[in-house]
file query_5.cif (mmCIF, C-alpha atoms and all ligand atoms)
data_input
loop_
_atom_site.label_atom_id
_atom_site.label_comp_id
_atom_site.auth_asym_id
_atom_site.auth_seq_id
_atom_site.Cartn_x
_atom_site.Cartn_y
_atom_site.Cartn_z
CA MET A 1 -184.72 -124.92 -106.10
CA VAL A 2 -183.39 -122.73 -103.30
CA ASN A 3 -185.80 -120.88 -101.04
CA LEU A 4 -184.16 -118.54 -98.57
CA ILE A 5 -185.94 -116.49 -95.93
CA LEU A 6 -184.03 -113.36 -94.99
CA PHE A 7 -185.28 -112.59 -91.51
CA GLY A 8 -184.82 -109.86 -88.94
CA PRO A 9 -186.39 -106.78 -87.38
CA PRO A 10 -187.28 -103.62 -89.32
CA GLY A 11 -184.09 -101.79 -90.18
CA SER A 12 -181.87 -104.87 -89.87
CA GLY A 13 -180.70 -104.57 -93.49
CA LYS A 14 -182.76 -107.28 -95.17
CA GLY A 15 -183.47 -105.26 -98.31
CA THR A 16 -179.84 -104.16 -98.71
CA GLN A 17 -178.49 -107.68 -98.30
CA ALA A 18 -181.22 -109.30 -100.40
CA ALA A 19 -180.23 -107.07 -103.33
CA LYS A 20 -176.67 -108.45 -103.13
CA LEU A 21 -177.67 -112.07 -102.48
CA VAL A 22 -180.00 -112.32 -105.49
CA GLU A 23 -177.03 -111.56 -107.76
CA THR A 24 -174.80 -114.18 -106.15
CA TYR A 25 -177.37 -116.97 -105.94
CA GLN A 26 -179.49 -116.03 -108.98
CA LEU A 27 -182.71 -115.97 -107.04
CA LEU A 28 -185.81 -113.81 -107.33
CA HIS A 29 -186.17 -111.26 -104.53
CA ILE A 30 -189.68 -111.02 -103.11
CA SER A 31 -190.19 -108.21 -100.61
CA THR A 32 -193.76 -107.98 -99.34
CA GLY A 33 -193.04 -104.42 -98.11
CA ASP A 34 -191.97 -103.38 -101.64
CA MET A 35 -195.04 -105.10 -103.09
CA PHE A 36 -197.34 -103.22 -100.73
CA ARG A 37 -195.62 -99.91 -101.53
CA ALA A 38 -196.07 -100.58 -105.27
CA GLU A 39 -199.80 -101.25 -104.68
CA ILE A 40 -200.05 -98.06 -102.59
CA GLY A 41 -198.32 -96.10 -105.37
CA GLN A 42 -200.88 -97.37 -107.87
CA GLN A 43 -203.71 -96.71 -105.41
CA THR A 44 -205.16 -100.20 -105.87
CA PRO A 45 -207.81 -101.44 -103.40
CA LEU A 46 -205.18 -103.79 -101.91
CA GLY A 47 -202.77 -100.85 -101.57
CA LEU A 48 -205.34 -98.67 -99.87
CA GLU A 49 -206.17 -101.40 -97.38
CA ALA A 50 -202.49 -102.14 -96.68
CA LYS A 51 -201.68 -98.45 -96.17
CA SER A 52 -204.06 -98.15 -93.23
CA TYR A 53 -202.02 -100.78 -91.35
CA ILE A 54 -198.53 -99.85 -92.56
CA ASP A 55 -198.86 -96.20 -91.56
CA LYS A 56 -199.57 -97.28 -87.97
CA GLY A 57 -196.68 -99.75 -87.89
CA ALA A 58 -199.09 -102.70 -87.70
CA LEU A 59 -198.99 -105.83 -89.84
CA VAL A 60 -201.25 -106.15 -92.85
CA PRO A 61 -203.72 -109.03 -92.16
CA ASP A 62 -202.50 -112.52 -93.07
CA SER A 63 -205.50 -113.06 -95.35
CA VAL A 64 -204.30 -110.22 -97.60
CA THR A 65 -200.57 -110.88 -97.38
CA ILE A 66 -200.58 -114.63 -97.97
CA GLY A 67 -202.70 -114.36 -101.12
CA MET A 68 -200.49 -111.64 -102.55
CA LEU A 69 -197.32 -113.66 -101.87
CA GLN A 70 -198.76 -116.82 -103.36
CA ASN A 71 -199.72 -114.99 -106.57
CA LYS A 72 -196.17 -113.67 -106.88
CA VAL A 73 -194.63 -117.14 -106.47
CA ASP A 74 -197.11 -118.64 -108.95
CA ALA A 75 -196.33 -115.92 -111.47
CA ASN A 76 -192.65 -116.98 -111.54
CA PRO A 77 -192.56 -120.74 -112.18
CA ASP A 78 -189.22 -120.76 -114.01
CA VAL A 79 -186.88 -119.18 -111.47
CA LYS A 80 -184.08 -121.00 -109.63
CA GLY A 81 -185.59 -120.03 -106.31
CA PHE A 82 -186.62 -117.12 -104.12
CA ILE A 83 -185.32 -114.84 -101.42
CA PHE A 84 -188.23 -113.96 -99.21
CA ASP A 85 -187.70 -110.59 -97.49
CA GLY A 86 -190.30 -109.49 -94.97
CA PHE A 87 -192.27 -112.73 -95.31
CA PRO A 88 -193.23 -114.79 -93.35
CA ARG A 89 -193.84 -112.37 -90.49
CA THR A 90 -196.29 -114.47 -88.46
CA VAL A 91 -196.56 -118.19 -87.65
CA PRO A 92 -199.73 -118.57 -89.78
CA GLN A 93 -197.80 -117.03 -92.70
CA SER A 94 -195.01 -119.58 -92.09
CA GLU A 95 -197.49 -122.45 -92.10
CA ALA A 96 -199.06 -121.15 -95.30
CA LEU A 97 -195.65 -120.78 -96.97
CA ASP A 98 -194.58 -124.28 -95.96
CA GLY A 99 -197.87 -125.80 -97.11
CA PHE A 100 -197.56 -124.03 -100.37
CA LEU A 101 -193.86 -124.75 -101.09
CA ASN A 102 -193.92 -128.32 -99.77
CA GLY A 103 -196.88 -128.97 -102.06
CA ARG A 104 -194.60 -128.03 -104.96
CA ASN A 105 -191.75 -130.18 -103.60
CA ASN A 106 -189.66 -127.05 -103.12
CA PRO A 107 -189.43 -126.58 -99.36
CA VAL A 108 -187.80 -123.68 -97.52
CA THR A 109 -184.02 -124.23 -97.63
CA ALA A 110 -183.02 -121.97 -94.73
CA LEU A 111 -183.99 -118.93 -92.68
CA VAL A 112 -181.21 -116.52 -91.79
CA MET A 113 -181.81 -113.86 -89.17
CA LEU A 114 -179.93 -110.56 -89.02
CA GLU A 115 -179.45 -109.63 -85.37
CA VAL A 116 -179.27 -105.90 -84.58
CA PRO A 117 -179.83 -104.18 -81.21
CA ASP A 118 -182.96 -102.02 -80.82
CA ASP A 119 -181.18 -98.66 -80.40
CA GLU A 120 -179.25 -99.24 -83.62
CA LEU A 121 -182.50 -100.17 -85.42
CA ILE A 122 -184.22 -96.98 -84.28
CA ASN A 123 -181.26 -94.84 -85.42
CA ARG A 124 -181.09 -96.54 -88.80
CA LEU A 125 -184.82 -96.18 -89.44
CA LEU A 126 -184.94 -92.52 -88.41
CA GLU A 127 -181.95 -91.89 -90.69
CA ARG A 128 -183.64 -93.74 -93.57
CA GLY A 129 -186.82 -91.75 -92.90
CA LYS A 130 -185.02 -88.52 -93.84
CA THR A 131 -184.82 -89.65 -97.47
CA SER A 132 -187.05 -92.73 -97.96
CA GLY A 133 -190.32 -90.82 -98.07
CA ARG A 134 -191.76 -93.65 -95.95
CA ALA A 135 -194.24 -92.37 -93.37
CA ASP A 136 -193.53 -95.45 -91.23
CA ASP A 137 -189.84 -94.43 -90.96
CA ALA A 138 -190.47 -90.80 -90.06
CA ASP A 139 -192.16 -91.17 -86.67
CA GLU A 140 -190.34 -92.65 -83.69
CA SER A 141 -193.52 -93.99 -82.07
CA VAL A 142 -194.45 -95.86 -85.28
CA ILE A 143 -190.90 -97.28 -85.46
CA LYS A 144 -191.14 -98.46 -81.84
CA ASN A 145 -194.49 -100.05 -82.60
CA ARG A 146 -192.97 -101.95 -85.56
CA ILE A 147 -190.17 -103.26 -83.35
CA GLN A 148 -192.68 -104.34 -80.69
CA VAL A 149 -194.86 -106.07 -83.32
CA TYR A 150 -191.73 -107.84 -84.53
CA LYS A 151 -191.01 -109.13 -81.02
CA ASP A 152 -194.58 -110.24 -80.36
CA GLU A 153 -195.71 -111.64 -83.71
CA THR A 154 -192.66 -112.16 -85.90
CA ASN A 155 -189.99 -113.57 -83.57
CA PRO A 156 -191.93 -116.87 -83.18
CA VAL A 157 -191.25 -117.47 -86.89
CA PHE A 158 -187.59 -118.02 -85.97
CA ASP A 159 -188.54 -120.75 -83.49
CA TYR A 160 -190.90 -122.27 -86.03
CA TYR A 161 -188.00 -122.82 -88.46
CA ALA A 162 -185.52 -123.64 -85.67
CA ALA A 163 -187.78 -126.61 -84.88
CA GLN A 164 -187.07 -127.79 -88.45
CA ASN A 165 -183.31 -127.17 -87.98
CA LYS A 166 -183.44 -124.52 -90.68
CA ALA A 167 -182.88 -121.30 -88.70
CA GLU A 168 -179.55 -119.50 -88.23
CA LYS A 169 -178.51 -116.14 -86.77
CA VAL A 170 -175.96 -113.73 -88.16
CA ASN A 171 -174.55 -110.58 -86.55
CA GLY A 172 -176.19 -107.70 -88.45
CA VAL A 173 -173.85 -104.98 -87.17
CA GLY A 174 -170.84 -104.05 -89.29
CA SER A 175 -170.18 -102.93 -92.85
CA ILE A 176 -172.54 -104.05 -95.63
CA GLU A 177 -169.70 -106.13 -97.08
CA GLU A 178 -168.86 -107.82 -93.74
CA ILE A 179 -172.47 -108.75 -93.11
CA TYR A 180 -172.84 -110.00 -96.67
CA LYS A 181 -169.86 -112.34 -96.16
CA ARG A 182 -171.35 -113.67 -92.92
CA LEU A 183 -174.64 -114.37 -94.71
CA CYS A 184 -172.93 -116.14 -97.62
CA GLU A 185 -171.02 -118.42 -95.23
CA VAL A 186 -174.23 -119.51 -93.54
CA ILE A 187 -176.14 -119.88 -96.81
CA ASP A 188 -173.36 -121.89 -98.48
CA ARG A 189 -173.42 -124.32 -95.56
CA SER A 190 -177.17 -124.90 -95.96
CA LEU A 191 -177.09 -125.48 -99.72
P1 LIG B 201 -189.36 -103.09 -92.54
O1 LIG B 201 -188.78 -104.47 -92.54
O2 LIG B 201 -188.33 -102.00 -92.56
O3 LIG B 201 -190.43 -102.86 -91.51
P2 LIG B 201 -190.95 -103.70 -94.94
O4 LIG B 201 -190.81 -102.94 -96.18
O5 LIG B 201 -190.54 -105.13 -94.93
O6 LIG B 201 -190.10 -102.84 -93.90
O7 LIG B 201 -192.47 -103.64 -94.39
C1 LIG B 201 -193.16 -102.43 -94.23
C2 LIG B 201 -194.54 -102.70 -93.67
O8 LIG B 201 -195.31 -103.48 -94.60
C3 LIG B 201 -194.60 -103.48 -92.36
O9 LIG B 201 -194.44 -102.65 -91.22
C4 LIG B 201 -196.03 -104.09 -92.44
O10 LIG B 201 -197.01 -103.14 -92.11
C5 LIG B 201 -196.17 -104.39 -93.92
N1 LIG B 201 -195.75 -105.78 -94.21
C6 LIG B 201 -194.66 -106.15 -94.94
N2 LIG B 201 -194.58 -107.50 -95.01
C7 LIG B 201 -195.60 -107.99 -94.29
C8 LIG B 201 -196.05 -109.30 -93.94
N3 LIG B 201 -195.39 -110.40 -94.35
N4 LIG B 201 -197.17 -109.42 -93.19
C9 LIG B 201 -197.85 -108.35 -92.77
N5 LIG B 201 -197.48 -107.08 -93.04
C10 LIG B 201 -196.37 -106.90 -93.79
#
call {"tool": "encode", "arguments": {"input": "query_5.cif", "output": "structure tokens"}}
result
Amino acid sequence: MVNLILFGPPGSGKGTQAAKLVETYQLLHISTGDMFRAEIGQQTPLGLEAKSYIDKGALVPDSVTIGMLQNKVDANPDVKGFIFDGFPRTVPQSEALDGFLNGRNNPVTALVMLEVPDDELINRLLERGKTSGRADDADESVIKNRIQVYKDETNPVFDYYAAQNKAEKVNGVGSIEEIYKRLCEVIDRSL
């Protein structure tokens, strides 16, 4: 089994690249952001709780997010592996994921981080906000909050996997195709 974590700040292109990588490596794409938006669309209790955090640019509590992720993994026992996009976003989420995957003898294979400068992230997210319908993309102060939360709470996830020699960085600026090739080179080396 192959378990890839596609990592990087909001607006770094994780969703775009994950969509291409799942085809190449025949993996199941799990985006916690997409899962929350589906729950919000269906107005489930989980969705309503998540929305109150997402609209502010804050993280949804680990207790909610970890359970949701675990259910999704358990619901797909026959896949070749997963691409995790937007998870783990905190060290406790990383510990939960490791505990959970190691217990199934299917550890994380690699984490690949897309590196993009802040000003480029802000431009991309404001541009996406014009058409995405996402409230968290429409407001510059919410975007800045998401980037700050990433630095404070999510960046340590990189160090957590670097300590296991599983973390790599890739330049996330360029054409979609160029970045995709850079990711494939790194992933192929770790397989
Ligand atoms: P982006 O990477 O562009 O911020 P996502 O779709 O990955 O977009 O996430 C949108 C929002 O959903 C986040 O700002 C956060 O509020 C919530 N979210 C997504 N994944 C997680 C997670 N693993 N832990 C906590 N909150 C999350």
call {"tool": "closest_residue", "arguments": {"input": "query_5.cif", "among": "A:Gly57, A:Phe158, A:Asn106, A:Gly11", "to": "Leu121 (chain A)", "atoms": "all atoms listed in the file"}}
result
A:Gly11
call {"tool": "residues_around", "arguments": {"input": "query_5.cif", "residues": "Gly15 (chain A)", "least_positions_apart": "2", "cutoff": "9 Å", "atoms": "all atoms listed in the file", "output": "VMD selection string"}}
result
chain A and resid 6 11 to 13 17 to 20 31 85 to 86
call {"tool": "residues_near_ligand", "arguments": {"input": "query_5.cif", "ligand": "ligand LIG 201 (chain B)", "cutoff": "7 Å", "atoms": "only C-alpha atoms and all ligand atoms", "output": "count of residues only"}}
result
24
call {"tool": "residues_around", "arguments": {"input": "query_5.cif", "residues": "Asp188 (chain A)", "least_positions_apart": "4", "cutoff": "12 Å", "atoms": "all atoms listed in the file", "output": "PDB file with C-alpha atoms, in the coordinates of the input"}}
result
ATOM      1  CA  VAL A   2    -183.390-122.730-103.300  1.00  0.00           C
ATOM      2  CA  LEU A   4    -184.160-118.540 -98.570  1.00  0.00           C
ATOM      3  CA  LEU A  21    -177.670-112.070-102.480  1.00  0.00           C
ATOM      4  CA  THR A  24    -174.800-114.180-106.150  1.00  0.00           C
ATOM      5  CA  TYR A  25    -177.370-116.970-105.940  1.00  0.00           C
ATOM      6  CA  THR A 109    -184.020-124.230 -97.630  1.00  0.00           C
ATOM      7  CA  ALA A 110    -183.020-121.970 -94.730  1.00  0.00           C
ATOM      8  CA  VAL A 112    -181.210-116.520 -91.790  1.00  0.00           C
ATOM      9  CA  LYS A 181    -169.860-112.340 -96.160  1.00  0.00           C
ATOM     10  CA  ARG A 182    -171.350-113.670 -92.920  1.00  0.00           C
ATOM     11  CA  LEU A 183    -174.640-114.370 -94.710  1.00  0.00           C
ATOM     12  CA  CYS A 184    -172.930-116.140 -97.620  1.00  0.00           C
TER      13      CYS A 184
END
call {"tool": "closest_residue", "arguments": {"input": "query_5.cif", "among": "A:Gly174, A:Pro107, A:Lys56, A:Lys144", "to": "Leu125 (chain A)", "atoms": "only C-alpha atoms"}}
result
A:Lys144
call {"tool": "closest_residue", "arguments": {"input": "query_5.cif", "among": "A:Arg189, A:Val142, A:Lys166, A:Ile122", "to": "Asp55 (chain A)", "atoms": "only C-alpha atoms"}}
result
A:Val142
call {"tool": "residues_near_point", "arguments": {"input": "query_5.cif", "point": "(-194.1, -114.6, -106.6)", "cutoff": "12 Å", "atoms": "all atoms listed in the file", "output": "PyMOL selection string"}}
result
chain A and resi 3+27-32+35+65-79+81-85+87+97+100-101
call {"tool": "write_last_selection", "arguments": {"input": "query_5.cif", "atoms": "C-alpha atoms", "output": "PDB file, keeping the file's coordinate frame"}}
result
ATOM      1  CA  ASN A   3    -185.800-120.880-101.040  1.00  0.00           C
ATOM      2  CA  LEU A  27    -182.710-115.970-107.040  1.00  0.00           C
ATOM      3  CA  LEU A  28    -185.810-113.810-107.330  1.00  0.00           C
ATOM      4  CA  HIS A  29    -186.170-111.260-104.530  1.00  0.00           C
ATOM      5  CA  ILE A  30    -189.680-111.020-103.110  1.00  0.00           C
ATOM      6  CA  SER A  31    -190.190-108.210-100.610  1.00  0.00           C
ATOM      7  CA  THR A  32    -193.760-107.980 -99.340  1.00  0.00           C
ATOM      8  CA  MET A  35    -195.040-105.100-103.090  1.00  0.00           C
ATOM      9  CA  THR A  65    -200.570-110.880 -97.380  1.00  0.00           C
ATOM     10  CA  ILE A  66    -200.580-114.630 -97.970  1.00  0.00           C
ATOM     11  CA  GLY A  67    -202.700-114.360-101.120  1.00  0.00           C
ATOM     12  CA  MET A  68    -200.490-111.640-102.550  1.00  0.00           C
ATOM     13  CA  LEU A  69    -197.320-113.660-101.870  1.00  0.00           C
ATOM     14  CA  GLN A  70    -198.760-116.820-103.360  1.00  0.00           C
ATOM     15  CA  ASN A  71    -199.720-114.990-106.570  1.00  0.00           C
ATOM     16  CA  LYS A  72    -196.170-113.670-106.880  1.00  0.00           C
ATOM     17  CA  VAL A  73    -194.630-117.140-106.470  1.00  0.00           C
ATOM     18  CA  ASP A  74    -197.110-118.640-108.950  1.00  0.00           C
ATOM     19  CA  ALA A  75    -196.330-115.920-111.470  1.00  0.00           C
ATOM     20  CA  ASN A  76    -192.650-116.980-111.540  1.00  0.00           C
ATOM     21  CA  PRO A  77    -192.560-120.740-112.180  1.00  0.00           C
ATOM     22  CA  ASP A  78    -189.220-120.760-114.010  1.00  0.00           C
ATOM     23  CA  VAL A  79    -186.880-119.180-111.470  1.00  0.00           C
ATOM     24  CA  GLY A  81    -185.590-120.030-106.310  1.00  0.00           C
ATOM     25  CA  PHE A  82    -186.620-117.120-104.120  1.00  0.00           C
ATOM     26  CA  ILE A  83    -185.320-114.840-101.420  1.00  0.00           C
ATOM     27  CA  PHE A  84    -188.230-113.960 -99.210  1.00  0.00           C
ATOM     28  CA  ASP A  85    -187.700-110.590 -97.490  1.00  0.00           C
ATOM     29  CA  PHE A  87    -192.270-112.730 -95.310  1.00  0.00           C
ATOM     30  CA  LEU A  97    -195.650-120.780 -96.970  1.00  0.00           C
ATOM     31  CA  PHE A 100    -197.560-124.030-100.370  1.00  0.00           C
ATOM     32  CA  LEU A 101    -193.860-124.750-101.090  1.00  0.00           C
TER      33      LEU A 101
END
call {"tool": "residues_around", "arguments": {"input": "query_5.cif", "residues": "Val173 (chain A)", "least_positions_apart": "5", "cutoff": "8 Å", "atoms": "all atoms listed in the file", "output": "MDAnalysis selection string"}}
result
chainID A and resid 115:116 179
call {"tool": "residues_near_point", "arguments": {"input": "query_5.cif", "point": "(-184.9, -117.3, -87.0)", "cutoff": "6 Å", "atoms": "only C-alpha atoms", "output": "list in words"}}
result
Leu111, Met113, Phe158, Ala167 and Glu168 of chain A
call {"tool": "atom_distance", "arguments": {"input": "query_5.cif", "atom1": "CA of Phe7 (chain A)", "atom2": "CA of Asn155 (chain A)"}}
result
9.3 Å
call {"tool": "closest_residue", "arguments": {"input": "query_5.cif", "among": "A:Ser132, A:Glu49, A:Ile40, A:Asp119", "to": "Ile147 (chain A)", "atoms": "only C-alpha atoms"}}
result
A:Asp119
call {"tool": "closest_residue", "arguments": {"input": "query_5.cif", "among": "A:Val157, A:Val149, A:Leu114, A:Ile143", "to": "Val91 (chain A)", "atoms": "all atoms listed in the file"}}
result
A:Val157
call {"tool": "atom_distance", "arguments": {"input": "query_5.cif", "atom1": "CA of Tyr180 (chain A)", "atom2": "CA of Tyr161 (chain A)"}}
result
21.5 Å
call {"tool": "atom_distance", "arguments": {"input": "query_5.cif", "atom1": "CA of Gln164 (chain A)", "atom2": "CA of Val108 (chain A)"}}
result
10.0 Å
call {"tool": "closest_residue", "arguments": {"input": "query_5.cif", "among": "A:Ser94, A:Glu140, A:Gly103, A:Thr154", "to": "Gly8 (chain A)", "atoms": "all atoms listed in the file"}}
result
A:Thr154
call {"tool": "build_atoms", "arguments": {"input": "query_5.cif", "residues": "region 130-159 of chain A", "atoms": "N, CA and C atoms", "output": "PDB file, keeping the file's coordinate frame"}}
result
ATOM      1  N   LYS A 130    -185.331 -89.863 -93.321  1.00  0.00           N
ATOM      2  CA  LYS A 130    -185.020 -88.520 -93.840  1.00  0.00           C
ATOM      3  C   LYS A 130    -185.085 -88.490 -95.363  1.00  0.00           C
ATOM      4  N   THR A 131    -184.849 -89.644 -95.999  1.00  0.00           N
ATOM      5  CA  THR A 131    -184.820 -89.650 -97.470  1.00  0.00           C
ATOM      6  C   THR A 131    -185.780 -90.660 -98.108  1.00  0.00           C
ATOM      7  N   SER A 132    -186.281 -91.646 -97.336  1.00  0.00           N
ATOM      8  CA  SER A 132    -187.050 -92.730 -97.960  1.00  0.00           C
ATOM      9  C   SER A 132    -188.447 -92.306 -98.383  1.00  0.00           C
ATOM     10  N   GLY A 133    -188.948 -91.215 -97.791  1.00  0.00           N
ATOM     11  CA  GLY A 133    -190.320 -90.820 -98.070  1.00  0.00           C
ATOM     12  C   GLY A 133    -191.332 -91.774 -97.431  1.00  0.00           C
ATOM     13  N   ARG A 134    -190.851 -92.700 -96.597  1.00  0.00           N
ATOM     14  CA  ARG A 134    -191.760 -93.650 -95.950  1.00  0.00           C
ATOM     15  C   ARG A 134    -192.290 -93.071 -94.648  1.00  0.00           C
ATOM     16  N   ALA A 135    -193.622 -92.933 -94.574  1.00  0.00           N
ATOM     17  CA  ALA A 135    -194.240 -92.370 -93.370  1.00  0.00           C
ATOM     18  C   ALA A 135    -193.907 -93.236 -92.151  1.00  0.00           C
ATOM     19  N   ASP A 136    -193.779 -94.556 -92.373  1.00  0.00           N
ATOM     20  CA  ASP A 136    -193.530 -95.450 -91.230  1.00  0.00           C
ATOM     21  C   ASP A 136    -192.091 -95.371 -90.722  1.00  0.00           C
ATOM     22  N   ASP A 137    -191.218 -94.641 -91.434  1.00  0.00           N
ATOM     23  CA  ASP A 137    -189.840 -94.430 -90.960  1.00  0.00           C
ATOM     24  C   ASP A 137    -189.671 -93.063 -90.301  1.00  0.00           C
ATOM     25  N   ALA A 138    -190.673 -92.195 -90.452  1.00  0.00           N
ATOM     26  CA  ALA A 138    -190.470 -90.800 -90.060  1.00  0.00           C
ATOM     27  C   ALA A 138    -190.831 -90.547 -88.592  1.00  0.00           C
ATOM     28  N   ASP A 139    -191.585 -91.437 -87.989  1.00  0.00           N
ATOM     29  CA  ASP A 139    -192.160 -91.170 -86.670  1.00  0.00           C
ATOM     30  C   ASP A 139    -191.638 -92.205 -85.671  1.00  0.00           C
ATOM     31  N   GLU A 140    -190.983 -91.719 -84.623  1.00  0.00           N
ATOM     32  CA  GLU A 140    -190.340 -92.650 -83.690  1.00  0.00           C
ATOM     33  C   GLU A 140    -191.348 -93.585 -83.008  1.00  0.00           C
ATOM     34  N   SER A 141    -192.564 -93.102 -82.745  1.00  0.00           N
ATOM     35  CA  SER A 141    -193.520 -93.990 -82.070  1.00  0.00           C
ATOM     36  C   SER A 141    -193.986 -95.101 -83.008  1.00  0.00           C
ATOM     37  N   VAL A 142    -194.093 -94.809 -84.308  1.00  0.00           N
ATOM     38  CA  VAL A 142    -194.450 -95.860 -85.280  1.00  0.00           C
ATOM     39  C   VAL A 142    -193.313 -96.871 -85.381  1.00  0.00           C
ATOM     40  N   ILE A 143    -192.064 -96.379 -85.389  1.00  0.00           N
ATOM     41  CA  ILE A 143    -190.900 -97.280 -85.460  1.00  0.00           C
ATOM     42  C   ILE A 143    -190.904 -98.213 -84.241  1.00  0.00           C
ATOM     43  N   LYS A 144    -191.147 -97.628 -83.058  1.00  0.00           N
ATOM     44  CA  LYS A 144    -191.140 -98.460 -81.840  1.00  0.00           C
ATOM     45  C   LYS A 144    -192.255 -99.493 -81.895  1.00  0.00           C
ATOM     46  N   ASN A 145    -193.379 -99.101 -82.456  1.00  0.00           N
ATOM     47  CA  ASN A 145    -194.490-100.050 -82.600  1.00  0.00           C
ATOM     48  C   ASN A 145    -194.088-101.203 -83.518  1.00  0.00           C
ATOM     49  N   ARG A 146    -193.403-100.885 -84.627  1.00  0.00           N
ATOM     50  CA  ARG A 146    -192.970-101.950 -85.560  1.00  0.00           C
ATOM     51  C   ARG A 146    -192.028-102.919 -84.863  1.00  0.00           C
ATOM     52  N   ILE A 147    -191.125-102.380 -84.039  1.00  0.00           N
ATOM     53  CA  ILE A 147    -190.170-103.260 -83.350  1.00  0.00           C
ATOM     54  C   ILE A 147    -190.911-104.137 -82.333  1.00  0.00           C
ATOM     55  N   GLN A 148    -191.897-103.556 -81.660  1.00  0.00           N
ATOM     56  CA  GLN A 148    -192.680-104.340 -80.690  1.00  0.00           C
ATOM     57  C   GLN A 148    -193.490-105.441 -81.402  1.00  0.00           C
ATOM     58  N   VAL A 149    -194.102-105.085 -82.537  1.00  0.00           N
ATOM     59  CA  VAL A 149    -194.860-106.070 -83.320  1.00  0.00           C
ATOM     60  C   VAL A 149    -193.927-107.197 -83.769  1.00  0.00           C
ATOM     61  N   TYR A 150    -192.722-106.828 -84.135  1.00  0.00           N
ATOM     62  CA  TYR A 150    -191.730-107.840 -84.530  1.00  0.00           C
ATOM     63  C   TYR A 150    -191.495-108.816 -83.376  1.00  0.00           C
ATOM     64  N   LYS A 151    -191.296-108.257 -82.176  1.00  0.00           N
ATOM     65  CA  LYS A 151    -191.010-109.130 -81.020  1.00  0.00           C
ATOM     66  C   LYS A 151    -192.195-110.039 -80.712  1.00  0.00           C
ATOM     67  N   ASP A 152    -193.394-109.476 -80.768  1.00  0.00           N
ATOM     68  CA  ASP A 152    -194.580-110.240 -80.360  1.00  0.00           C
ATOM     69  C   ASP A 152    -195.020-111.251 -81.425  1.00  0.00           C
ATOM     70  N   GLU A 153    -195.067-110.806 -82.672  1.00  0.00           N
ATOM     71  CA  GLU A 153    -195.710-111.640 -83.710  1.00  0.00           C
ATOM     72  C   GLU A 153    -194.722-112.313 -84.648  1.00  0.00           C
ATOM     73  N   THR A 154    -193.566-111.662 -84.870  1.00  0.00           N
ATOM     74  CA  THR A 154    -192.660-112.160 -85.900  1.00  0.00           C
ATOM     75  C   THR A 154    -191.562-113.066 -85.336  1.00  0.00           C
ATOM     76  N   ASN A 155    -191.038-112.739 -84.155  1.00  0.00           N
ATOM     77  CA  ASN A 155    -189.990-113.570 -83.570  1.00  0.00           C
ATOM     78  C   ASN A 155    -190.332-115.061 -83.513  1.00  0.00           C
ATOM     79  N   PRO A 156    -191.593-115.437 -83.211  1.00  0.00           N
ATOM     80  CA  PRO A 156    -191.930-116.870 -83.180  1.00  0.00           C
ATOM     81  C   PRO A 156    -191.671-117.598 -84.507  1.00  0.00           C
ATOM     82  N   VAL A 157    -191.566-116.838 -85.599  1.00  0.00           N
ATOM     83  CA  VAL A 157    -191.250-117.470 -86.890  1.00  0.00           C
ATOM     84  C   VAL A 157    -189.845-118.094 -86.838  1.00  0.00           C
ATOM     85  N   PHE A 158    -188.933-117.452 -86.105  1.00  0.00           N
ATOM     86  CA  PHE A 158    -187.590-118.020 -85.970  1.00  0.00           C
ATOM     87  C   PHE A 158    -187.665-119.393 -85.304  1.00  0.00           C
ATOM     88  N   ASP A 159    -188.421-119.473 -84.209  1.00  0.00           N
ATOM     89  CA  ASP A 159    -188.540-120.750 -83.490  1.00  0.00           C
ATOM     90  C   ASP A 159    -189.229-121.811 -84.337  1.00  0.00           C
TER      91      ASP A 159
END
